[in-house]
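A.B. asks: Structure file start_21.pdb (PDB, C-alpha atoms) right here:
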MODEL        1
ATOM      1  CA  MET Q   1      86.942  98.801  97.817
ATOM      2  CA  THR Q   2      85.408 100.709 100.743
ATOM      3  CA  ALA Q   3      87.541 102.681 103.204
ATOM      4  CA  ASP Q   4      86.675 100.304 106.036
ATOM      5  CA  TYR Q   5      87.528  97.238 103.945
ATOM      6  CA  TYR Q   6      90.866  98.821 103.028
ATOM      7  CA  LEU Q   7      91.753  99.689 106.639
ATOM      8  CA  GLY Q   8      90.591  96.272 107.817
ATOM      9  CA  GLY Q   9      92.977  94.643 105.361
ATOM     10  CA  ILE Q  10      95.864  96.698 106.725
ATOM     11  CA  LEU Q  11      94.996  95.678 110.287
ATOM     12  CA  MET Q  12      94.962  92.001 109.280
ATOM     13  CA  ARG Q  13      98.314  92.336 107.525
ATOM     14  CA  GLU Q  14      99.833  94.046 110.570
ATOM     15  CA  ALA Q  15      98.319  91.706 113.179
ATOM     16  CA  VAL Q  16     100.706  90.638 115.943
ATOM     17  CA  ASP Q  17     100.529  87.184 117.523
ATOM     18  CA  ARG Q  18     100.061  87.892 121.243
ATOM     19  CA  SER Q  19      99.257  84.319 122.269
ATOM     20  CA  ILE Q  20     101.208  82.422 124.895
ATOM     21  CA  ASN Q  21     103.018  80.621 122.061
ATOM     22  CA  SER Q  22     103.979  83.817 120.238
ATOM     23  CA  PRO Q  23     107.596  83.618 119.042
ATOM     24  CA  VAL Q  24     108.041  87.208 120.213
ATOM     25  CA  ARG Q  25     107.634  86.063 123.818
ATOM     26  CA  ALA Q  26     110.678  83.810 123.412
ATOM     27  CA  VAL Q  27     112.767  86.995 123.446
ATOM     28  CA  ALA Q  28     112.373  87.162 127.226
ATOM     29  CA  LEU Q  29     113.780  83.647 127.569
ATOM     30  CA  THR Q  30     116.732  84.514 125.348
ATOM     31  CA  LEU Q  31     117.565  87.574 127.444
ATOM     32  CA  ALA Q  32     116.825  85.991 130.825
ATOM     33  CA  PRO Q  33     120.426  84.947 131.740
ATOM     34  CA  LEU Q  34     121.810  88.374 130.818
ATOM     35  CA  ILE Q  35     119.092  90.219 132.747
ATOM     36  CA  GLN Q  36     119.534  88.024 135.822
ATOM     37  CA  THR Q  37     123.285  88.640 135.863
ATOM     38  CA  TRP Q  38     122.882  92.384 135.300
ATOM     39  CA  SER Q  39     120.326  92.723 138.114
ATOM     40  CA  ALA Q  40     122.742  91.232 140.686
ATOM     41  CA  GLY Q  41     119.901  89.411 142.412
ATOM     42  CA  HIS Q  42     117.540  92.386 142.605
ATOM     43  CA  LEU Q  43     115.181  91.417 139.770
ATOM     44  CA  SER Q  44     111.519  91.143 140.808
ATOM     45  CA  SER Q  45     109.982  90.282 137.442
ATOM     46  CA  VAL Q  46     110.159  90.654 133.678
ATOM     47  CA  GLY Q  47     106.926  91.203 131.796
ATOM     48  CA  ALA Q  48     105.566  92.357 128.465
ATOM     49  CA  SER Q  49     104.499  95.988 128.483
ATOM     50  CA  GLY Q  50     103.957  98.765 125.986
ATOM     51  CA  SER Q  51     102.091  98.293 122.726
ATOM     52  CA  PHE Q  52     102.404  94.498 122.743
ATOM     53  CA  ALA Q  53     100.631  94.176 126.090
ATOM     54  CA  LYS Q  54      98.006  96.795 125.173
ATOM     55  CA  GLY Q  55      97.089  95.264 121.815
ATOM     56  CA  THR Q  56      98.173  98.398 119.935
ATOM     57  CA  ALA Q  57     101.306  96.934 118.300
ATOM     58  CA  ASN Q  58     101.794  96.439 114.570
ATOM     59  CA  LYS Q  59     103.954  93.797 112.938
ATOM     60  CA  SER Q  60     106.070  96.463 111.231
ATOM     61  CA  GLY Q  61     106.666  98.386 114.485
ATOM     62  CA  THR Q  62     108.559  97.584 117.671
ATOM     63  CA  ASP Q  63     107.789  93.953 118.409
ATOM     64  CA  ILE Q  64     107.805  93.885 122.200
ATOM     65  CA  ASP Q  65     108.571  95.990 125.263
ATOM     66  CA  LEU Q  66     109.970  94.185 128.294
ATOM     67  CA  PHE Q  67     109.484  95.869 131.660
ATOM     68  CA  LEU Q  68     112.326  94.966 134.022
ATOM     69  CA  SER Q  69     111.073  95.397 137.573
ATOM     70  CA  LEU Q  70     113.794  95.689 140.218
ATOM     71  CA  ALA Q  71     113.189  95.388 143.957
ATOM     72  CA  SER Q  72     112.658  98.559 145.967
ATOM     73  CA  ASN Q  73     115.886  97.963 147.927
ATOM     74  CA  THR Q  74     118.071  97.849 144.802
ATOM     75  CA  PRO Q  75     121.172  99.833 145.883
ATOM     76  CA  PHE Q  76     121.708 101.699 142.609
ATOM     77  CA  SER Q  77     120.414 105.003 141.308
ATOM     78  CA  LEU Q  78     118.009 105.000 138.385
ATOM     79  CA  ALA Q  79     120.666 106.487 136.127
ATOM     80  CA  GLU Q  80     123.078 103.711 137.166
ATOM     81  CA  ILE Q  81     120.411 101.098 136.474
ATOM     82  CA  HIS Q  82     119.873 102.487 132.972
ATOM     83  CA  ASN Q  83     123.590 102.824 132.217
ATOM     84  CA  THR Q  84     124.671  99.434 133.564
ATOM     85  CA  LEU Q  85     121.966  97.728 131.492
ATOM     86  CA  PHE Q  86     123.237  99.534 128.393
ATOM     87  CA  ASN Q  87     126.787  98.413 129.168
ATOM     88  CA  ALA Q  88     125.737  94.809 129.823
ATOM     89  CA  LEU Q  89     123.920  94.654 126.483
ATOM     90  CA  THR Q  90     126.934  96.104 124.683
ATOM     91  CA  LYS Q  91     129.294  93.598 126.341
ATOM     92  CA  ALA Q  92     126.967  90.748 125.310
ATOM     93  CA  GLY Q  93     127.345  91.732 121.657
ATOM     94  CA  TYR Q  94     124.095  93.621 121.101
ATOM     95  CA  LYS Q  95     123.994  97.111 119.617
ATOM     96  CA  PRO Q  96     121.827  98.947 122.157
ATOM     97  CA  ARG Q  97     120.254 102.307 121.341
ATOM     98  CA  ARG Q  98     119.364 104.663 124.156
ATOM     99  CA  GLN Q  99     115.823 106.062 124.136
ATOM    100  CA  ASN Q 100     114.155 108.263 126.728
ATOM    101  CA  VAL Q 101     113.109 105.613 129.265
ATOM    102  CA  SER Q 102     114.045 102.459 127.378
ATOM    103  CA  ILE Q 103     116.944 100.784 125.588
ATOM    104  CA  ASN Q 104     116.295  99.289 122.153
ATOM    105  CA  ILE Q 105     118.043  96.180 120.794
ATOM    106  CA  ARG Q 106     117.488  93.566 118.099
ATOM    107  CA  VAL Q 107     117.074  89.969 119.274
ATOM    108  CA  GLY Q 108     116.608  87.166 116.771
ATOM    109  CA  GLY Q 109     115.158  89.509 114.173
ATOM    110  CA  TYR Q 110     112.830  91.258 116.632
ATOM    111  CA  ASP Q 111     112.923  94.830 117.886
ATOM    112  CA  VAL Q 112     112.913  94.890 121.693
ATOM    113  CA  ASP Q 113     112.574  97.878 124.035
ATOM    114  CA  LEU Q 114     113.872  97.161 127.544
ATOM    115  CA  VAL Q 115     112.452  99.408 130.276
ATOM    116  CA  PRO Q 116     114.333  99.094 133.608
ATOM    117  CA  ALA Q 117     112.533 100.416 136.690
ATOM    118  CA  LYS Q 118     112.608 100.193 140.490
ATOM    119  CA  ARG Q 119     109.551  99.267 142.560
ATOM    120  CA  HIS Q 120     108.356 101.757 145.165
ATOM    121  CA  ASP Q 121     107.537  98.985 147.618
ATOM    122  CA  ASN Q 122     106.511  95.337 147.617
ATOM    123  CA  ASN Q 123     102.811  96.144 148.105
ATOM    124  CA  SER Q 124     102.476  98.421 145.092
ATOM    125  CA  SER Q 125     102.919  98.160 141.334
ATOM    126  CA  ASP Q 126     104.180 101.758 141.228
ATOM    127  CA  HIS Q 127     107.696 102.090 139.848
ATOM    128  CA  SER Q 128     110.316 104.787 139.372
ATOM    129  CA  LEU Q 129     112.164 104.935 136.080
ATOM    130  CA  TYR Q 130     114.890 107.088 134.593
ATOM    131  CA  ARG Q 131     114.086 109.774 132.017
ATOM    132  CA  ARG Q 132     117.320 110.174 130.139
ATOM    133  CA  LYS Q 133     116.459 113.305 128.141
ATOM    134  CA  ALA Q 134     115.713 115.316 131.270
ATOM    135  CA  ASP Q 135     118.221 113.442 133.460
ATOM    136  CA  THR Q 136     115.548 112.923 136.102
ATOM    137  CA  TRP Q 137     113.102 110.268 137.250
ATOM    138  CA  THR Q 138     109.371 109.757 137.155
ATOM    139  CA  LYS Q 139     106.813 107.548 138.842
ATOM    140  CA  THR Q 140     104.806 105.243 136.631
ATOM    141  CA  ASN Q 141     102.516 102.232 136.783
ATOM    142  CA  VAL Q 142     102.612  99.990 133.743
ATOM    143  CA  GLU Q 143      99.630  97.931 134.894
ATOM    144  CA  ARG Q 144      97.548 101.103 135.089
ATOM    145  CA  HIS Q 145      98.677 102.169 131.606
ATOM    146  CA  ILE Q 146      97.681  98.814 130.127
ATOM    147  CA  ALA Q 147      94.287  98.926 131.852
ATOM    148  CA  VAL Q 148      93.524 102.464 130.613
ATOM    149  CA  VAL Q 149      94.383 101.711 126.985
ATOM    150  CA  THR Q 150      92.716  98.300 126.753
ATOM    151  CA  GLY Q 151      89.676  99.555 128.671
ATOM    152  CA  ALA Q 152      89.106 102.335 126.126
ATOM    153  CA  GLY Q 153      88.685  99.819 123.306
ATOM    154  CA  ARG Q 154      90.400 101.954 120.658
ATOM    155  CA  GLU Q 155      93.088  99.472 119.635
ATOM    156  CA  MET Q 156      92.152  99.368 115.935
ATOM    157  CA  GLU Q 157      92.150 103.124 115.474
ATOM    158  CA  THR Q 158      95.399 103.422 117.431
ATOM    159  CA  ARG Q 159      97.133 100.839 115.269
ATOM    160  CA  ILE Q 160      96.136 102.697 112.093
ATOM    161  CA  VAL Q 161      97.382 106.023 113.506
ATOM    162  CA  LYS Q 162     100.660 104.389 114.590
ATOM    163  CA  LEU Q 163     101.215 103.115 111.049
ATOM    164  CA  TRP Q 164     100.463 106.607 109.748
ATOM    165  CA  ARG Q 165     102.964 108.083 112.231
ATOM    166  CA  ASN Q 166     105.697 105.693 111.141
ATOM    167  CA  GLN Q 167     105.040 106.113 107.431
ATOM    168  CA  LYS Q 168     104.921 109.919 107.658
ATOM    169  CA  GLY Q 169     108.080 109.983 109.780
ATOM    170  CA  VAL Q 170     106.745 112.079 112.655
ATOM    171  CA  ASP Q 171     107.974 111.818 116.249
ATOM    172  CA  PHE Q 172     104.962 110.835 118.366
ATOM    173  CA  PRO Q 173     105.712 108.659 121.443
ATOM    174  CA  SER Q 174     103.401 105.656 121.596
ATOM    175  CA  PHE Q 175     101.759 106.264 124.982
ATOM    176  CA  TYR Q 176     101.196 109.927 124.134
ATOM    177  CA  LEU Q 177      99.627 108.792 120.843
ATOM    178  CA  GLU Q 178      97.447 106.176 122.552
ATOM    179  CA  LEU Q 179      96.056 108.672 125.062
ATOM    180  CA  THR Q 180      95.486 111.216 122.280
ATOM    181  CA  VAL Q 181      93.466 108.741 120.225
ATOM    182  CA  ILE Q 182      91.352 107.900 123.268
ATOM    183  CA  GLU Q 183      90.636 111.577 123.914
ATOM    184  CA  ALA Q 184      89.939 112.336 120.260
ATOM    185  CA  LEU Q 185      87.374 109.534 120.106
ATOM    186  CA  ARG Q 186      85.704 110.092 123.453
ATOM    187  CA  GLY Q 187      81.995 109.362 122.839
ATOM    188  CA  CYS Q 188      82.615 108.939 119.111
ATOM    189  CA  GLY Q 189      80.795 106.258 117.127
ATOM    190  CA  GLY Q 190      80.610 105.562 113.406
ATOM    191  CA  THR Q 191      82.675 103.324 111.185
ATOM    192  CA  LEU Q 192      86.391 102.597 111.547
ATOM    193  CA  SER Q 193      87.311 105.007 108.756
ATOM    194  CA  THR Q 194      85.194 107.862 110.154
ATOM    195  CA  ARG Q 195      86.724 107.355 113.596
ATOM    196  CA  VAL Q 196      90.273 107.418 112.221
ATOM    197  CA  TRP Q 197      89.375 110.540 110.234
ATOM    198  CA  ARG Q 198      88.124 112.108 113.456
ATOM    199  CA  VAL Q 199      91.544 111.514 115.034
ATOM    200  CA  PHE Q 200      93.225 113.430 112.211
ATOM    201  CA  GLU Q 201      90.755 116.284 112.682
ATOM    202  CA  TYR Q 202      91.573 116.345 116.388
ATOM    203  CA  LEU Q 203      95.301 116.441 115.614
ATOM    204  CA  ARG Q 204      94.690 119.428 113.361
ATOM    205  CA  ASP Q 205      92.275 121.344 115.582
ATOM    206  CA  SER Q 206      92.895 120.454 119.235
ATOM    207  CA  PHE Q 207      96.168 118.604 119.649
ATOM    208  CA  LEU Q 208      98.521 121.558 120.125
ATOM    209  CA  ALA Q 209      96.646 122.916 123.152
ATOM    210  CA  ALA Q 210      95.770 119.550 124.730
ATOM    211  CA  ARG Q 211      97.399 118.805 128.089
ATOM    212  CA  VAL Q 212      97.859 115.050 128.441
ATOM    213  CA  ILE Q 213      98.423 113.712 131.955
ATOM    214  CA  ASP Q 214      99.798 110.309 132.912
ATOM    215  CA  PRO Q 215      96.827 108.387 134.381
ATOM    216  CA  ALA Q 216      99.224 106.741 136.838
ATOM    217  CA  ASN Q 217     100.906 109.964 137.965
ATOM    218  CA  THR Q 218      99.249 113.383 137.748
ATOM    219  CA  ASN Q 219     102.644 115.063 138.159
ATOM    220  CA  ASN Q 220     103.862 113.511 134.906
ATOM    221  CA  ILE Q 221     102.671 115.615 131.968
ATOM    222  CA  ILE Q 222     102.913 113.319 128.943
ATOM    223  CA  SER Q 223     102.383 116.211 126.523
ATOM    224  CA  ASP Q 224     105.644 117.770 127.756
ATOM    225  CA  ASP Q 225     107.538 114.902 126.105
ATOM    226  CA  LEU Q 226     107.431 116.795 122.788
ATOM    227  CA  THR Q 227     108.572 120.302 121.998
ATOM    228  CA  ALA Q 228     106.273 122.879 120.406
ATOM    229  CA  SER Q 229     107.959 122.339 117.035
ATOM    230  CA  GLU Q 230     107.577 118.551 117.294
ATOM    231  CA  LYS Q 231     103.874 118.965 118.050
ATOM    232  CA  MET Q 232     103.521 121.368 115.131
ATOM    233  CA  ALA Q 233     105.042 118.727 112.838
ATOM    234  CA  ILE Q 234     102.290 116.315 113.901
ATOM    235  CA  ARG Q 235      99.633 118.963 113.253
ATOM    236  CA  ARG Q 236     101.033 119.725 109.783
ATOM    237  CA  ALA Q 237     101.118 116.015 108.947
ATOM    238  CA  ALA Q 238      97.454 115.749 109.978
ATOM    239  CA  GLU Q 239      96.569 118.787 107.845
ATOM    240  CA  ASN Q 240      98.222 117.210 104.816
ATOM    241  CA  THR Q 241      96.448 113.944 105.530
ATOM    242  CA  LEU Q 242      93.038 115.609 105.618
ATOM    243  CA  ALA Q 243      93.770 117.017 102.159
ATOM    244  CA  ALA Q 244      94.438 113.562 100.710
ATOM    245  CA  ARG Q 245      92.093 112.236  98.046
ATOM    246  CA  THR Q 246      92.363 108.520  98.855
ATOM    247  CA  TRP Q 247      93.124 106.342 101.869
ATOM    248  CA  GLU Q 248      96.045 104.863  99.949
ATOM    249  CA  GLU Q 249      97.707 108.295 100.237
ATOM    250  CA  ILE Q 250      97.143 108.303 104.005
ATOM    251  CA  VAL Q 251      98.280 104.881 105.164
ATOM    252  CA  ARG Q 252      99.419 101.747 103.408
TER     253      ARG Q 252
ENDMDL
END
Starting from the file, lay out its structure as structure tokens.
C.D. replies:
Amino acid sequence: MTADYYLGGILMREAVDRSINSPVRAVALTLAPLIQTWSAGHLSSVGASGSFAKGTANKSGTDIDLFLSLASNTPFSLAEIHNTLFNALTKAGYKPRRQNVSINIRVGGYDVDLVPAKRHDNNSSDHSLYRRKADTWTKTNVERHIAVVTGAGREMETRIVKLWRNQKGVDFPSFYLELTVIEALRGCGGTLSTRVWRVFEYLRDSFLAARVIDPANTNNIISDDLTASEKMAIRRAAENTLAARTWEEIVR
């Protein structure tokens, strides 16, 4: 079995149904009454975001991210928006888990990350969202994020690296990972396996010093989301990977 055949089989096994009839999309319908009540009439829209929308999701990872867009005149702080959503989910019987900008729950067997945010104005898709770890806020644009990742055309390599991340147990936020893969493979051709190998080489040789900037907000430094020790853990995992003798040792 060739390396590319092996990796291709993994991608097929981990394929996520993103069609309009995908059962994952029914999650939004299930949560709709709760979200409407929580928003107190300020909800602008609910849409798929994150890995699901970008085509970089795996079946064994988080199933869907839902971006909850609130109107610009919503009379609550971003911290209050985050906290009241957490409380509403708890009251409804879910077991929410706070993450940096999202809240994770299980719905009908699916993992769901809810990302509440407030629009800047009605003529822009820019949003402000709460960053819990730093107790501050940041500007973001989910539509821009989706366009950057899908436009790069590195979904297959990203999905393999995400599986590797999960199986090796390293902390590597998805958007940070997606942008890193894009940078590592800038101008890179070759087969799927050689491109994935190139990503691991980049993680070993260039990752620690790389400054990754949010393409929707130059003031938001994505690479600051991890500490030096967390980045070093990723580098060490890549070093160990490059010493592996077979692809089965790298990802499965």
A.B. asks: Can you tell me how far CA of Asp4 (chain Q) sits from CA of Gly189 (chain Q), in Å to one decimal?
C.D. replies: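 Here the two named atoms are 13.9 Å from each other.
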A.B. asks: If I take CA of Ser60 (chain Q) and CA of Leu31 (chain Q), how far is one from the other in Å, to one decimal?
C.D. replies: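 Taking CA of Ser60 (chain Q) as the start and CA of Leu31 (chain Q) as the end point, the length is 21.8 Å.
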A.B. asks: With a cut-off of 12 Å, could you pull out the residues of region 17-101 of chain Q touching region 5-11 of chain Q and give me the nearest pair of atoms for each, distance in Å to one decimal, using only C-alpha atoms, ordered by chain and ascending number, as a tab-separated table?
C.D. replies:
residue	atom	partner	partner_atom	distance
Q:Gly55	CA	Q:Leu11	CA	11.7
Q:Thr56	CA	Q:Leu11	CA	10.5
Q:Ala57	CA	Q:Leu11	CA	10.3
Q:Asn58	CA	Q:Leu11	CA	8.1
Q:Lys59	CA	Q:Leu11	CA	9.5
Q:Ser60	CA	Q:Leu11	CA	11.1
A.B. asks: Could you check which of Q:Arg198, Q:Arg98, Q:Arg165, Q:Arg159 is closest to Lys133 (chain Q), using all atoms listed in the file?
C.D. replies: Q:Arg98
A.B. asks: What's the 9 Å shell around region 120-122 of chain Q, counting all atoms listed in the file, without same-chain residues fewer than 2 positions away, as an MDAnalysis selection string?
C.D. replies: chainID Q and resid 71:73 118 124:128 139
A.B. asks: Please provide the set of residues having any atom within 12 Å of Ser19 (chain Q), restricted to all atoms listed in the file, with same-chain residues fewer than 4 positions apart removed, written as a ChimeraX atom specification.
C.D. replies: /Q:15,23-26,48,52-53,55
A.B. asks: Please write the residues from the selection above to a file, keeping C-alpha atoms, as a PDB file, keeping the file's coordinate frame.
C.D. replies:
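As written to disk, out16.pdb reads:
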ATOM      1  CA  ALA Q  15      98.319  91.706 113.179  1.00  0.00           C
ATOM      2  CA  PRO Q  23     107.596  83.618 119.042  1.00  0.00           C
ATOM      3  CA  VAL Q  24     108.041  87.208 120.213  1.00  0.00           C
ATOM      4  CA  ARG Q  25     107.634  86.063 123.818  1.00  0.00           C
ATOM      5  CA  ALA Q  26     110.678  83.810 123.412  1.00  0.00           C
ATOM      6  CA  ALA Q  48     105.566  92.357 128.465  1.00  0.00           C
ATOM      7  CA  PHE Q  52     102.404  94.498 122.743  1.00  0.00           C
ATOM      8  CA  ALA Q  53     100.631  94.176 126.090  1.00  0.00           C
ATOM      9  CA  GLY Q  55      97.089  95.264 121.815  1.00  0.00           C
TER      10      GLY Q  55
END
A.B. asks: Please write as a PyMOL selection string the list of polymer residues whose atoms come within 7 Å of (118.5, 93.8, 143.1), counting all atoms listed in the file and keeping to the coordinates of the file.
C.D. replies: chain Q and resi 39-43+70-71+73-74
A.B. asks: Give the answer as one residue: which of Q:Asp111, Q:Glu80, Q:Asp135, Q:Asp205 has the shortest atom-to-atom distance to Leu66 (chain Q), using all atoms listed in the file?
C.D. replies: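 Closest candidate: Q:Asp111.
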A.B. asks: Which is closer to Ser49 (chain Q) than all the others in Q:Asn100, Q:Gly93, Q:Asn21, Q:Val112, using all atoms listed in the file?
C.D. replies: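 Selected residue with least distance to Ser49 (chain Q): Q:Val112.
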A.B. asks: Would you write out, as a PDB file with C-alpha atoms, in the frame of the given file, every residue that the PyMOL selection byres ((chain Q and resi 213) around 12) captures in this file?
C.D. replies:
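Done, and the output landed in result37.pdb:
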ATOM      1  CA  THR Q 140     104.806 105.243 136.631  1.00  0.00           C
ATOM      2  CA  HIS Q 145      98.677 102.169 131.606  1.00  0.00           C
ATOM      3  CA  PHE Q 175     101.759 106.264 124.982  1.00  0.00           C
ATOM      4  CA  TYR Q 176     101.196 109.927 124.134  1.00  0.00           C
ATOM      5  CA  LEU Q 179      96.056 108.672 125.062  1.00  0.00           C
ATOM      6  CA  THR Q 180      95.486 111.216 122.280  1.00  0.00           C
ATOM      7  CA  GLU Q 183      90.636 111.577 123.914  1.00  0.00           C
ATOM      8  CA  ALA Q 210      95.770 119.550 124.730  1.00  0.00           C
ATOM      9  CA  ARG Q 211      97.399 118.805 128.089  1.00  0.00           C
ATOM     10  CA  VAL Q 212      97.859 115.050 128.441  1.00  0.00           C
ATOM     11  CA  ASP Q 214      99.798 110.309 132.912  1.00  0.00           C
ATOM     12  CA  PRO Q 215      96.827 108.387 134.381  1.00  0.00           C
ATOM     13  CA  ALA Q 216      99.224 106.741 136.838  1.00  0.00           C
ATOM     14  CA  ASN Q 217     100.906 109.964 137.965  1.00  0.00           C
ATOM     15  CA  THR Q 218      99.249 113.383 137.748  1.00  0.00           C
ATOM     16  CA  ASN Q 219     102.644 115.063 138.159  1.00  0.00           C
ATOM     17  CA  ASN Q 220     103.862 113.511 134.906  1.00  0.00           C
ATOM     18  CA  ILE Q 221     102.671 115.615 131.968  1.00  0.00           C
ATOM     19  CA  ILE Q 222     102.913 113.319 128.943  1.00  0.00           C
ATOM     20  CA  SER Q 223     102.383 116.211 126.523  1.00  0.00           C
ATOM     21  CA  ASP Q 224     105.644 117.770 127.756  1.00  0.00           C
ATOM     22  CA  ASP Q 225     107.538 114.902 126.105  1.00  0.00           C
TER      23      ASP Q 225
END
A.B. asks: Given the file shown, determine the residues that the PyMOL selection byres ((chain Q and resi 131) around 10) selects; report them as a list in words.
C.D. replies: Leu78, Ala79, His82, Gln99, Asn100, Val101, Ser102, Ser128, Leu129, Tyr130, Arg132, Lys133, Ala134, Asp135, Thr136, Trp137 and Thr138 of chain Q
A.B. asks: With only C-alpha atoms as the atoms that count, which of Q:Thr37, Q:Thr84, Q:Ser51, Q:Thr246 lies nearest to Ser193 (chain Q)?
C.D. replies: Q:Thr246
A.B. asks: Could you tell me how far CA of Ala233 (chain Q) lies from CA of Val170 (chain Q), in Å and to one decimal?
C.D. replies: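 Separation of CA of Ala233 (chain Q) and CA of Val170 (chain Q): 6.9 Å.
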A.B. asks: In file coordinates, which residues lie within 9 Å of (121.0, 91.8, 128.9) using only C-alpha atoms, given as a PyMOL selection string?
C.D. replies: chain Q and resi 31-38+85-92+94
A.B. asks: Using only C-alpha atoms, which of the listed residues (Q:Leu185, Q:Ile105, Q:Ala243, Q:Ala3) sits closest to Gly153 (chain Q)?
C.D. replies: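 That would be Q:Leu185, the residue with the smallest distance to Gly153 (chain Q).
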A.B. asks: Pick from Q:Asn123, Q:Ala184, Q:Val196, Q:Asn240: nearest to Glu157 (chain Q), with all atoms listed in the file counted?
C.D. replies: Q:Val196
A.B. asks: Got a sec: who's within 10 Å of Arg106 (chain Q), counting only C-alpha atoms, leaving out chain neighbours fewer than 2 positions off, as number ranges by chain?
C.D. replies: Q: 27, 62-63, 94-97, 104, 108-113
A.B. asks: Would you list the contacts of Ala237 (chain Q) as a list of chain:residue names, taking every protein, DNA or RNA residue within 12 Å and counting only C-alpha atoms, but skipping same-chain residues closer than 4 positions in sequence?
C.D. replies: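 The residues that qualify are Q:Val161, Q:Trp164, Q:Arg165, Q:Asn166, Q:Gln167, Q:Lys168, Q:Gly169, Q:Val170, Q:Asp171, Q:Phe172, Q:Phe200, Q:Glu201, Q:Leu203, Q:Arg204, Q:Glu230, Q:Lys231, Q:Met232, Q:Ala233, Q:Thr241, Q:Leu242, Q:Ala243, Q:Ala244, Q:Ile250.
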A.B. asks: Generate a file of the selected residues that holds C-alpha atoms, formatted as an mmCIF file, in the coordinates of the input.
C.D. replies:
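Saved as out-v2.cif:
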data_model
loop_
_atom_site.group_PDB
_atom_site.id
_atom_site.type_symbol
_atom_site.label_atom_id
_atom_site.label_comp_id
_atom_site.auth_asym_id
_atom_site.auth_seq_id
_atom_site.Cartn_x
_atom_site.Cartn_y
_atom_site.Cartn_z
ATOM 1 C CA VAL Q 161 97.382 106.023 113.506
ATOM 2 C CA TRP Q 164 100.463 106.607 109.748
ATOM 3 C CA ARG Q 165 102.964 108.083 112.231
ATOM 4 C CA ASN Q 166 105.697 105.693 111.141
ATOM 5 C CA GLN Q 167 105.040 106.113 107.431
ATOM 6 C CA LYS Q 168 104.921 109.919 107.658
ATOM 7 C CA GLY Q 169 108.080 109.983 109.780
ATOM 8 C CA VAL Q 170 106.745 112.079 112.655
ATOM 9 C CA ASP Q 171 107.974 111.818 116.249
ATOM 10 C CA PHE Q 172 104.962 110.835 118.366
ATOM 11 C CA PHE Q 200 93.225 113.430 112.211
ATOM 12 C CA GLU Q 201 90.755 116.284 112.682
ATOM 13 C CA LEU Q 203 95.301 116.441 115.614
ATOM 14 C CA ARG Q 204 94.690 119.428 113.361
ATOM 15 C CA GLU Q 230 107.577 118.551 117.294
ATOM 16 C CA LYS Q 231 103.874 118.965 118.050
ATOM 17 C CA MET Q 232 103.521 121.368 115.131
ATOM 18 C CA ALA Q 233 105.042 118.727 112.838
ATOM 19 C CA THR Q 241 96.448 113.944 105.530
ATOM 20 C CA LEU Q 242 93.038 115.609 105.618
ATOM 21 C CA ALA Q 243 93.770 117.017 102.159
ATOM 22 C CA ALA Q 244 94.438 113.562 100.710
ATOM 23 C CA ILE Q 250 97.143 108.303 104.005
#
A.B. asks: Quick one: axis-aligned box around all listed atoms of region 92-98 of chain Q, 5 Å on every side, centre and edge lengths in Å to one decimal, written as AutoDock Vina command-line options.
C.D. replies:
--center_x 123.4 --center_y 97.7 --center_z 122.5 --size_x 18.0 --size_y 23.9 --size_z 15.7
